[in-house]
>>> print(open('input.txt').read())   # compact mmCIF, C-alpha atoms and all ligand atoms
# COMPACT_ATOMS: atom_id res chain seq x y z
CA MET A 1 -39.93 -53.63 64.62
CA GLY A 2 -37.90 -50.69 65.95
CA GLU A 3 -35.82 -50.40 62.75
CA GLU A 4 -38.86 -50.74 60.52
CA LEU A 5 -40.69 -48.01 62.37
CA GLY A 6 -37.79 -45.60 61.92
CA SER A 7 -36.34 -44.93 65.38
CA THR A 8 -32.91 -43.29 65.28
CA ARG A 9 -31.95 -43.72 68.95
CA ASP A 10 -29.72 -46.39 70.49
CA TYR A 11 -32.64 -47.99 72.27
CA GLU A 12 -36.37 -47.61 72.25
CA VAL A 13 -36.62 -48.44 75.95
CA VAL A 14 -33.98 -48.59 78.66
CA ILE A 15 -35.09 -50.23 81.91
CA VAL A 16 -33.37 -49.24 85.14
CA GLY A 17 -33.45 -52.22 87.49
CA GLY A 18 -33.62 -55.97 86.87
CA GLY A 19 -35.95 -57.24 89.59
CA PRO A 20 -39.27 -58.88 88.68
CA ALA A 21 -40.71 -55.55 87.46
CA GLY A 22 -37.83 -54.74 85.11
CA LEU A 23 -37.38 -58.31 83.93
CA SER A 24 -41.07 -58.75 83.10
CA ALA A 25 -41.14 -55.46 81.23
CA ALA A 26 -38.00 -56.42 79.28
CA LEU A 27 -39.50 -59.78 78.36
CA TRP A 28 -42.66 -58.25 76.99
CA LEU A 29 -40.89 -55.42 75.18
CA ALA A 30 -38.66 -58.00 73.51
CA ARG A 31 -41.78 -59.92 72.50
CA TYR A 32 -42.92 -56.69 70.82
CA ARG A 33 -39.52 -56.67 69.06
CA ARG A 34 -38.53 -53.40 70.70
CA ARG A 35 -34.84 -52.55 71.11
CA VAL A 36 -34.73 -52.82 74.87
CA LEU A 37 -31.81 -52.66 77.30
CA LEU A 38 -32.09 -53.81 80.91
CA VAL A 39 -29.50 -52.20 83.17
CA ASP A 40 -29.20 -53.78 86.60
CA GLU A 41 -26.73 -53.32 89.42
CA GLY A 42 -27.85 -56.62 90.96
CA VAL A 43 -28.88 -55.84 94.55
CA PRO A 44 -32.52 -57.01 94.68
CA ARG A 45 -34.68 -56.20 97.64
CA ASN A 46 -35.33 -59.83 98.55
CA GLN A 47 -31.76 -61.07 98.25
CA SER A 48 -31.55 -61.87 101.97
CA THR A 49 -34.58 -64.15 102.05
CA TRP A 50 -34.39 -67.88 101.39
CA ALA A 51 -37.43 -68.18 99.11
CA VAL A 52 -39.97 -66.31 97.05
CA HIS A 53 -43.33 -67.26 98.52
CA GLY A 54 -46.73 -67.01 96.93
CA TYR A 55 -45.83 -66.74 93.24
CA PRO A 56 -48.18 -69.09 91.38
CA GLY A 57 -46.31 -71.88 89.64
CA LEU A 58 -43.08 -71.35 91.60
CA SER A 59 -42.93 -73.33 94.83
CA ASP A 60 -40.72 -71.36 97.22
CA LEU A 61 -37.72 -71.07 94.90
CA PRO A 62 -34.71 -69.00 96.05
CA PRO A 63 -34.88 -65.39 94.76
CA ALA A 64 -31.65 -65.81 92.77
CA GLU A 65 -33.11 -68.80 90.93
CA VAL A 66 -36.31 -66.90 90.09
CA ARG A 67 -34.23 -64.04 88.68
CA ARG A 68 -31.98 -66.43 86.77
CA ARG A 69 -34.98 -68.02 85.09
CA MET A 70 -36.61 -64.68 84.31
CA LEU A 71 -33.37 -63.28 82.88
CA GLN A 72 -32.78 -66.36 80.76
CA GLN A 73 -36.28 -66.10 79.30
CA THR A 74 -35.87 -62.35 78.73
CA LEU A 75 -32.53 -62.69 76.92
CA ALA A 76 -33.90 -65.55 74.81
CA ALA A 77 -36.72 -63.23 73.73
CA GLY A 78 -34.19 -60.67 72.48
CA ALA A 79 -33.64 -58.10 75.25
CA GLU A 80 -30.13 -56.85 76.03
CA HIS A 81 -28.76 -56.84 79.55
CA ARG A 82 -25.97 -54.88 81.16
CA GLU A 83 -24.63 -55.25 84.69
CA ALA A 84 -24.16 -51.65 85.77
CA SER A 85 -25.69 -48.89 87.79
CA VAL A 86 -27.50 -46.05 86.05
CA THR A 87 -25.81 -43.01 87.56
CA GLY A 88 -27.38 -40.24 85.50
CA LEU A 89 -30.61 -39.67 83.61
CA ALA A 90 -31.40 -36.53 81.63
CA GLY A 91 -33.27 -35.40 78.55
CA ARG A 92 -36.84 -35.62 77.42
CA LYS A 93 -39.31 -37.93 75.71
CA ASP A 94 -37.74 -39.48 72.59
CA ASP A 95 -34.26 -38.37 73.63
CA PHE A 96 -33.09 -39.52 77.05
CA LEU A 97 -29.44 -39.94 77.93
CA LEU A 98 -28.47 -42.46 80.60
CA GLU A 99 -25.02 -42.58 82.15
CA LEU A 100 -23.84 -45.94 83.44
CA SER A 101 -21.26 -46.90 86.04
CA ALA A 102 -19.63 -49.20 83.47
CA GLY A 103 -19.47 -48.69 79.73
CA PRO A 104 -20.62 -45.88 77.49
CA ALA A 105 -23.75 -43.80 78.04
CA VAL A 106 -26.85 -44.87 76.12
CA ARG A 107 -29.69 -42.98 74.49
CA SER A 108 -33.29 -44.07 74.62
CA ARG A 109 -36.70 -42.88 73.51
CA ARG A 110 -38.36 -44.10 76.70
CA VAL A 111 -37.22 -45.03 80.19
CA LEU A 112 -38.75 -47.43 82.68
CA LEU A 113 -37.72 -46.95 86.30
CA ALA A 114 -37.88 -50.30 88.12
CA TYR A 115 -35.17 -49.85 90.71
CA GLY A 116 -37.22 -50.96 93.71
CA GLN A 117 -37.11 -49.90 97.34
CA ARG A 118 -34.59 -50.56 100.11
CA ASP A 119 -35.58 -51.57 103.59
CA VAL A 120 -34.60 -49.56 106.63
CA LEU A 121 -33.56 -52.11 109.25
CA PRO A 122 -33.86 -51.49 113.00
CA GLN A 123 -30.41 -50.81 114.47
CA ILE A 124 -30.46 -53.71 116.90
CA GLU A 125 -27.81 -56.40 117.24
CA GLY A 126 -28.80 -59.53 115.33
CA VAL A 127 -31.43 -57.93 113.06
CA ALA A 128 -29.28 -57.68 109.94
CA ASP A 129 -28.00 -61.27 110.31
CA LEU A 130 -31.50 -62.69 110.74
CA PHE A 131 -33.24 -60.49 108.16
CA GLY A 132 -34.87 -62.78 105.62
CA SER A 133 -34.63 -65.96 107.71
CA SER A 134 -36.65 -65.01 110.80
CA VAL A 135 -36.79 -61.22 110.81
CA PHE A 136 -39.25 -59.81 108.28
CA HIS A 137 -41.12 -56.70 107.24
CA CYS A 138 -43.80 -58.29 105.02
CA PRO A 139 -46.57 -60.24 106.79
CA ASP A 140 -48.14 -61.31 103.49
CA CYS A 141 -44.86 -62.87 102.33
CA ASP A 142 -43.66 -64.51 105.52
CA GLY A 143 -46.65 -64.76 107.88
CA PRO A 144 -47.68 -68.19 106.52
CA SER A 145 -44.21 -69.63 107.29
CA LEU A 146 -44.75 -68.83 110.96
CA ALA A 147 -48.15 -70.44 111.39
CA GLY A 148 -48.67 -71.28 115.06
CA ALA A 149 -45.24 -69.93 116.07
CA ARG A 150 -44.49 -67.37 118.78
CA VAL A 151 -43.93 -64.11 116.95
CA ALA A 152 -42.88 -60.59 117.97
CA VAL A 153 -43.58 -57.24 116.36
CA LEU A 154 -41.08 -54.48 117.03
CA GLY A 155 -42.61 -51.01 117.36
CA HIS A 156 -44.72 -48.83 119.60
CA ASP A 157 -47.09 -47.02 117.24
CA HIS A 158 -50.32 -47.58 115.36
CA GLY A 159 -48.52 -49.28 112.45
CA ALA A 160 -46.82 -51.79 114.73
CA ALA A 161 -50.04 -52.56 116.64
CA SER A 162 -51.93 -53.04 113.38
CA LEU A 163 -49.19 -55.37 112.14
CA ALA A 164 -49.44 -57.44 115.35
CA LEU A 165 -53.21 -57.81 114.90
CA TYR A 166 -52.81 -58.66 111.21
CA LEU A 167 -50.33 -61.42 112.05
CA LEU A 168 -53.00 -63.11 114.20
CA THR A 169 -54.16 -64.40 110.80
CA TRP A 170 -51.43 -67.04 111.18
CA THR A 171 -50.64 -67.37 114.86
CA PRO A 172 -52.31 -66.52 118.18
CA HIS A 173 -48.93 -66.14 119.96
CA MET A 174 -48.13 -62.48 119.50
CA VAL A 175 -46.01 -60.06 121.51
CA LEU A 176 -45.51 -56.36 120.79
CA LEU A 177 -42.02 -55.13 121.72
CA THR A 178 -42.11 -51.36 122.20
CA ASN A 179 -38.34 -51.21 122.75
CA GLY A 180 -38.25 -48.83 125.70
CA GLN A 181 -41.00 -46.53 124.35
CA PRO A 182 -44.46 -46.15 125.85
CA PRO A 183 -47.06 -47.45 123.37
CA GLU A 184 -48.26 -44.52 121.25
CA LEU A 185 -51.79 -45.89 121.17
CA PRO A 186 -55.21 -44.71 122.31
CA ALA A 187 -56.97 -46.60 125.08
CA ALA A 188 -59.34 -48.26 122.58
CA ALA A 189 -56.40 -49.70 120.62
CA LEU A 190 -54.79 -50.99 123.81
CA ALA A 191 -58.09 -52.60 124.77
CA THR A 192 -58.28 -54.34 121.38
CA LEU A 193 -54.74 -55.69 121.79
CA ALA A 194 -55.65 -56.97 125.26
CA THR A 195 -58.85 -58.61 124.00
CA ARG A 196 -56.87 -60.30 121.26
CA ASN A 197 -54.23 -61.51 123.74
CA VAL A 198 -51.41 -59.51 122.20
CA GLU A 199 -48.83 -59.21 124.97
CA ILE A 200 -47.03 -55.86 125.27
CA ARG A 201 -43.42 -55.79 126.49
CA SER A 202 -41.93 -52.35 126.91
CA GLU A 203 -38.31 -53.08 127.94
CA ARG A 204 -35.50 -51.86 125.69
CA VAL A 205 -34.44 -54.57 123.26
CA LEU A 206 -30.75 -55.42 123.60
CA ARG A 207 -30.21 -58.08 120.96
CA LEU A 208 -31.72 -60.90 118.93
CA VAL A 209 -30.14 -64.25 119.74
CA PRO A 210 -30.16 -66.97 117.06
CA ARG A 211 -30.05 -70.73 117.33
CA GLY A 212 -28.42 -71.87 114.13
CA ARG A 213 -29.77 -69.68 111.30
CA PHE A 214 -33.00 -68.81 113.05
CA LEU A 215 -34.17 -66.49 115.79
CA HIS A 216 -34.36 -68.12 119.22
CA ARG A 217 -34.92 -65.32 121.72
CA VAL A 218 -34.91 -61.57 122.29
CA ASP A 219 -32.79 -60.24 125.15
CA VAL A 220 -34.20 -57.15 126.83
CA GLU A 221 -32.86 -54.72 129.42
CA HIS A 222 -33.90 -55.47 133.00
CA GLY A 223 -36.31 -58.23 132.09
CA GLU A 224 -36.74 -61.87 131.25
CA ALA A 225 -35.65 -62.88 127.74
CA ILE A 226 -38.51 -63.46 125.30
CA ASN A 227 -38.57 -66.68 123.28
CA VAL A 228 -39.83 -66.08 119.75
CA GLU A 229 -39.30 -67.77 116.39
CA GLY A 230 -39.98 -64.75 114.22
CA LEU A 231 -39.90 -60.98 114.45
CA PHE A 232 -41.56 -58.41 112.21
CA PHE A 233 -40.84 -54.71 112.12
CA HIS A 234 -42.56 -51.69 110.70
CA LEU A 235 -40.12 -48.96 109.73
CA GLY A 236 -40.79 -48.10 106.12
CA THR A 237 -38.62 -48.07 103.04
CA LEU A 238 -36.57 -45.74 100.90
CA PRO A 239 -36.37 -45.55 97.09
CA GLY A 240 -33.61 -47.71 95.59
CA SER A 241 -32.28 -44.65 93.73
CA ASP A 242 -32.87 -40.90 93.52
CA LEU A 243 -33.04 -40.85 89.69
CA ALA A 244 -36.77 -40.06 89.61
CA ALA A 245 -36.39 -37.27 92.15
CA ARG A 246 -33.52 -35.74 90.20
CA LEU A 247 -35.56 -35.88 87.01
CA GLY A 248 -38.49 -34.13 88.69
CA CYS A 249 -41.00 -37.01 88.76
CA GLU A 250 -43.85 -36.40 91.19
CA HIS A 251 -43.85 -38.57 94.30
CA ASP A 252 -46.60 -39.36 96.82
CA ALA A 253 -46.32 -38.62 100.54
CA ALA A 254 -44.66 -41.98 101.17
CA GLY A 255 -41.96 -41.29 98.56
CA HIS A 256 -43.31 -43.53 95.80
CA ILE A 257 -43.27 -42.42 92.16
CA ARG A 258 -46.74 -41.30 91.05
CA VAL A 259 -47.92 -43.06 87.87
CA ASP A 260 -51.09 -43.10 85.79
CA ARG A 261 -53.00 -46.19 84.63
CA THR A 262 -50.32 -46.91 82.03
CA GLN A 263 -47.48 -46.64 84.58
CA GLU A 264 -46.30 -43.33 83.06
CA SER A 265 -44.90 -40.84 85.58
CA SER A 266 -45.49 -37.08 85.59
CA VAL A 267 -42.45 -36.73 83.29
CA PRO A 268 -43.54 -37.68 79.75
CA GLY A 269 -41.73 -40.74 78.44
CA VAL A 270 -40.63 -41.89 81.90
CA TYR A 271 -42.52 -44.90 83.24
CA ALA A 272 -42.20 -46.67 86.59
CA ALA A 273 -43.14 -50.15 87.83
CA GLY A 274 -42.77 -52.37 90.85
CA ASP A 275 -41.96 -51.39 94.42
CA VAL A 276 -40.99 -47.86 93.29
CA THR A 277 -44.69 -47.10 92.77
CA GLY A 278 -45.81 -48.36 96.19
CA GLN A 279 -47.50 -51.26 97.92
CA PRO A 280 -48.19 -54.13 97.79
CA TYR A 281 -44.53 -55.02 97.81
CA LEU A 282 -44.83 -58.42 96.16
CA VAL A 283 -42.97 -60.15 93.36
CA ILE A 284 -46.17 -60.88 91.47
CA SER A 285 -47.45 -57.30 91.60
CA ALA A 286 -44.05 -55.95 90.55
CA ALA A 287 -44.07 -58.35 87.61
CA ALA A 288 -47.64 -57.37 86.70
CA GLU A 289 -46.78 -53.66 86.74
CA GLY A 290 -43.75 -54.36 84.57
CA VAL A 291 -45.97 -56.03 81.99
CA ARG A 292 -48.53 -53.22 82.14
CA ALA A 293 -45.74 -50.71 81.55
CA ALA A 294 -44.38 -52.75 78.63
CA LEU A 295 -47.77 -52.78 76.92
CA ALA A 296 -48.11 -49.02 77.30
CA LEU A 297 -44.51 -48.36 76.26
CA HIS A 298 -44.99 -50.40 73.08
CA ARG A 299 -48.19 -48.55 72.24
CA SER A 300 -46.55 -45.19 72.89
CA LEU A 301 -43.89 -46.07 70.32
CA LEU A 302 -46.28 -47.05 67.54
CA PRO A 303 -46.29 -44.62 64.59
CA PRO A 304 -49.05 -41.98 64.74
CA ASP A 305 -50.73 -43.36 61.60
CA PHE A 306 -51.38 -46.66 63.43
CA ASP A 307 -53.95 -44.69 65.40
CA LEU A 308 -56.62 -44.98 62.73
CA PRO A 309 -59.36 -42.36 62.65
CA GLY A 310 -62.53 -43.65 64.26
CA THR A 311 -60.76 -46.09 66.57
CA GLU A 312 -60.73 -45.74 70.34
CA GLU A 313 -57.70 -44.22 72.06
CA PRO A 314 -55.29 -46.89 73.25
CA ASP A 315 -55.34 -46.89 77.00
CA GLY A 316 -52.48 -49.31 77.72
CA SER A 317 -54.73 -51.70 79.58
C1 LIG A 401 -36.78 -60.05 103.11
C2 LIG A 401 -37.81 -59.94 102.01
C3 LIG A 401 -38.59 -61.03 101.69
C4 LIG A 401 -39.55 -60.93 100.67
N1 LIG A 401 -40.29 -62.03 100.39
C5 LIG A 401 -41.20 -61.99 99.41
C6 LIG A 401 -41.97 -63.13 99.11
O1 LIG A 401 -41.82 -64.19 99.72
N2 LIG A 401 -42.92 -63.02 98.12
C7 LIG A 401 -43.11 -61.86 97.43
O2 LIG A 401 -43.97 -61.84 96.54
N3 LIG A 401 -42.38 -60.76 97.70
C8 LIG A 401 -41.42 -60.78 98.67
N4 LIG A 401 -40.70 -59.68 98.96
C9 LIG A 401 -40.96 -58.44 98.20
C10 LIG A 401 -40.29 -58.50 96.83
O3 LIG A 401 -38.93 -58.86 96.96
C11 LIG A 401 -40.38 -57.17 96.12
O4 LIG A 401 -41.74 -56.72 96.10
C12 LIG A 401 -39.88 -57.27 94.68
O5 LIG A 401 -38.55 -57.72 94.65
C13 LIG A 401 -39.99 -55.92 93.97
O6 LIG A 401 -39.52 -56.04 92.67
P1 LIG A 401 -38.92 -54.79 91.90
O7 LIG A 401 -38.59 -55.29 90.54
O8 LIG A 401 -39.82 -53.63 92.02
O9 LIG A 401 -37.59 -54.39 92.71
P2 LIG A 401 -36.29 -55.24 93.14
O10 LIG A 401 -36.58 -56.69 93.15
O11 LIG A 401 -35.81 -54.63 94.40
O12 LIG A 401 -35.26 -54.98 91.98
C14 LIG A 401 -34.71 -53.71 91.76
C15 LIG A 401 -33.39 -53.86 91.04
O13 LIG A 401 -32.94 -52.56 90.61
C16 LIG A 401 -31.55 -52.47 90.84
N5 LIG A 401 -31.17 -51.05 90.88
C17 LIG A 401 -31.40 -50.13 91.87
N6 LIG A 401 -30.92 -48.93 91.51
C18 LIG A 401 -30.35 -49.10 90.29
C19 LIG A 401 -29.66 -48.23 89.41
N7 LIG A 401 -29.47 -46.94 89.68
N8 LIG A 401 -29.16 -48.74 88.26
C20 LIG A 401 -29.35 -50.05 87.94
N9 LIG A 401 -30.01 -50.93 88.74
C21 LIG A 401 -30.50 -50.45 89.90
C22 LIG A 401 -31.36 -53.22 92.15
O14 LIG A 401 -30.00 -53.59 92.33
C23 LIG A 401 -32.28 -54.43 91.93
O15 LIG A 401 -31.62 -55.47 91.27
C24 LIG A 401 -39.73 -59.73 99.97
C25 LIG A 401 -38.92 -58.62 100.27
C26 LIG A 401 -37.99 -58.73 101.28
C27 LIG A 401 -37.15 -57.52 101.62
>>> encode(input="input.txt", output="structure tokens", more="lines below")
Ligand SMILES: Cc1cc2nc3c(=O)[nH]c(=O)nc-3n(C[C@H](O)[C@H](O)[C@H](O)COP(=O)(O)OP(=O)(O)OC[C@H]3O[C@@H](n4cnc5c(N)ncnc54)[C@H](O)[C@@H]3O)c2cc1C
Amino acid sequence: MGEELGSTRDYEVVIVGGGPAGLSAALWLARYRRRVLLVDEGVPRNQSTWAVHGYPGLSDLPPAEVRRRMLQQTLAAGAEHREASVTGLAGRKDDFLLELSAGPAVRSRRVLLAYGQRDVLPQIEGVADLFGSSVFHCPDCDGPSLAGARVAVLGHDHGAASLALYLLTWTPHMVLLTNGQPPELPAAALATLATRNVEIRSERVLRLVPRGRFLHRVDVEHGEAINVEGLFFHLGTLPGSDLAARLGCEHDAAGHIRVDRTQESSVPGVYAAGDVTGQPYLVISAAAEGVRAALALHRSLLPPDFDLPGTEEPDGS
């Protein structure tokens, strides 16, 4: 369709990032017969976990297998794929230039930013090794796997206390590890934790000790070790790239790219989908945003005379 509608650029859409958001957008843009290139450097957010939970129709498949299937389907539909990092992005609507870490630069009429977020891990011995198997940040993803288990939350503030209460959805055995800090909580919050039998341990955490691949206990300074099977933390995330910031896209207070109902950012022609736009950080919502962006991108590329007088404005929904 791109040729028939008279585009002169290399691509109609270049997608930065090949996680579920980028892959879903590429699939749908290919179905619309758009010239679409997916550029992915291949470091997905969930690469350290053993399974993607909660995606209807996929029963706890490994993340790499989910991506393999999505990529296969996307390429079969006609999208192009390049393994590279997008290192530069400049230009304006209908004429963007993207520099890549490998191969020549490409031009595109539209850009979709789907480069995800990166997790900030607590700097404690054992956390990085156990991240994804028994150390987690997402209760919605991994809470159900720990039903009935003894679970710790690392943190001393309102966010950590809220996370501990939320995890009671799956298990009553909850301990809040404040890691040498006094709890930064009002008396009412402390009373709620006590009522709900959330234990508070305030010793400094020394290390997480595994048994096999899984967490076995937490060693603390000057105190008895704490036996737990899972640990959650609440530290926040950073954008997977600074491309949007360099281009001048507006961000919210948490550092997510602001988008409208069609996933378009404050920079015309630049769209964003997936974890880059904020919570919930889930594969299915990233995929859904990718599809929403693809629909809007396709509509934005239709010739003006397709917008017949007397018809309603397309809204991308
Ligand atoms: C440990 C863990 C477990 C999780 N478990 C679940 C779960 O069970 N169920 C669930 O629904 N969700 C889970 N999630 C959340 C889920 O992984 C994310 O919400 C989802 O991957 C977001 O998809 P995305 O496409 O926005 O970004 P990502 O999947 O992070 O993909 C972004 C891609 O962009 C690439 N990229 C970054 N910068 C550039 C650049 N400059 N150029 C080119 N490519 C670039 C990255 O390498 C990556 O491949 C988990 C997350 C973590 C951390």
>>> residues_near_ligand(input="input.txt", ligand="ligand LIG 401 (chain A)", cutoff="6 Å", atoms="only C-alpha atoms and all ligand atoms", output="VMD selection string")
chain A and resid 16 to 22 39 to 46 48 to 49 51 to 54 84 to 87 114 to 117 132 136 141 240 to 241 274 to 275 281 to 284 286
>>> write_last_selection(input="input.txt", atoms="C-alpha atoms", output="mmCIF file, in the frame of the given file")
data_model
loop_
_atom_site.group_PDB
_atom_site.id
_atom_site.type_symbol
_atom_site.label_atom_id
_atom_site.label_comp_id
_atom_site.auth_asym_id
_atom_site.auth_seq_id
_atom_site.Cartn_x
_atom_site.Cartn_y
_atom_site.Cartn_z
ATOM 1 C CA VAL A 16 -33.370 -49.240 85.140
ATOM 2 C CA GLY A 17 -33.450 -52.220 87.490
ATOM 3 C CA GLY A 18 -33.620 -55.970 86.870
ATOM 4 C CA GLY A 19 -35.950 -57.240 89.590
ATOM 5 C CA PRO A 20 -39.270 -58.880 88.680
ATOM 6 C CA ALA A 21 -40.710 -55.550 87.460
ATOM 7 C CA GLY A 22 -37.830 -54.740 85.110
ATOM 8 C CA VAL A 39 -29.500 -52.200 83.170
ATOM 9 C CA ASP A 40 -29.200 -53.780 86.600
ATOM 10 C CA GLU A 41 -26.730 -53.320 89.420
ATOM 11 C CA GLY A 42 -27.850 -56.620 90.960
ATOM 12 C CA VAL A 43 -28.880 -55.840 94.550
ATOM 13 C CA PRO A 44 -32.520 -57.010 94.680
ATOM 14 C CA ARG A 45 -34.680 -56.200 97.640
ATOM 15 C CA ASN A 46 -35.330 -59.830 98.550
ATOM 16 C CA SER A 48 -31.550 -61.870 101.970
ATOM 17 C CA THR A 49 -34.580 -64.150 102.050
ATOM 18 C CA ALA A 51 -37.430 -68.180 99.110
ATOM 19 C CA VAL A 52 -39.970 -66.310 97.050
ATOM 20 C CA HIS A 53 -43.330 -67.260 98.520
ATOM 21 C CA GLY A 54 -46.730 -67.010 96.930
ATOM 22 C CA ALA A 84 -24.160 -51.650 85.770
ATOM 23 C CA SER A 85 -25.690 -48.890 87.790
ATOM 24 C CA VAL A 86 -27.500 -46.050 86.050
ATOM 25 C CA THR A 87 -25.810 -43.010 87.560
ATOM 26 C CA ALA A 114 -37.880 -50.300 88.120
ATOM 27 C CA TYR A 115 -35.170 -49.850 90.710
ATOM 28 C CA GLY A 116 -37.220 -50.960 93.710
ATOM 29 C CA GLN A 117 -37.110 -49.900 97.340
ATOM 30 C CA GLY A 132 -34.870 -62.780 105.620
ATOM 31 C CA PHE A 136 -39.250 -59.810 108.280
ATOM 32 C CA CYS A 141 -44.860 -62.870 102.330
ATOM 33 C CA GLY A 240 -33.610 -47.710 95.590
ATOM 34 C CA SER A 241 -32.280 -44.650 93.730
ATOM 35 C CA GLY A 274 -42.770 -52.370 90.850
ATOM 36 C CA ASP A 275 -41.960 -51.390 94.420
ATOM 37 C CA TYR A 281 -44.530 -55.020 97.810
ATOM 38 C CA LEU A 282 -44.830 -58.420 96.160
ATOM 39 C CA VAL A 283 -42.970 -60.150 93.360
ATOM 40 C CA ILE A 284 -46.170 -60.880 91.470
ATOM 41 C CA ALA A 286 -44.050 -55.950 90.550
#
>>> axis_aligned_box(input="input.txt", around="region 299-313 of chain A", padding_each_side="4 Å", output="AutoDock Vina command-line options")
--center_x -53.2 --center_y -45.3 --center_z 67.2 --size_x 26.6 --size_y 14.6 --size_z 19.3
>>> atom_distance(input="input.txt", atom1="CA of Leu168 (chain A)", atom2="CA of Asp219 (chain A)")
23.2 Å
>>> closest_residue(input="input.txt", among="A:Leu113, A:Leu185, A:Ala294, A:Leu154", to="Thr277 (chain A)", atoms="only C-alpha atoms")
A:Leu113
>>> residues_around(input="input.txt", residues="region 143-145 of chain A", least_positions_apart="5", cutoff="12 Å", atoms="only C-alpha atoms", output="PyMOL selection string")
chain A and resi 50-54+60+132-138+150-153+163-172+174+229-232
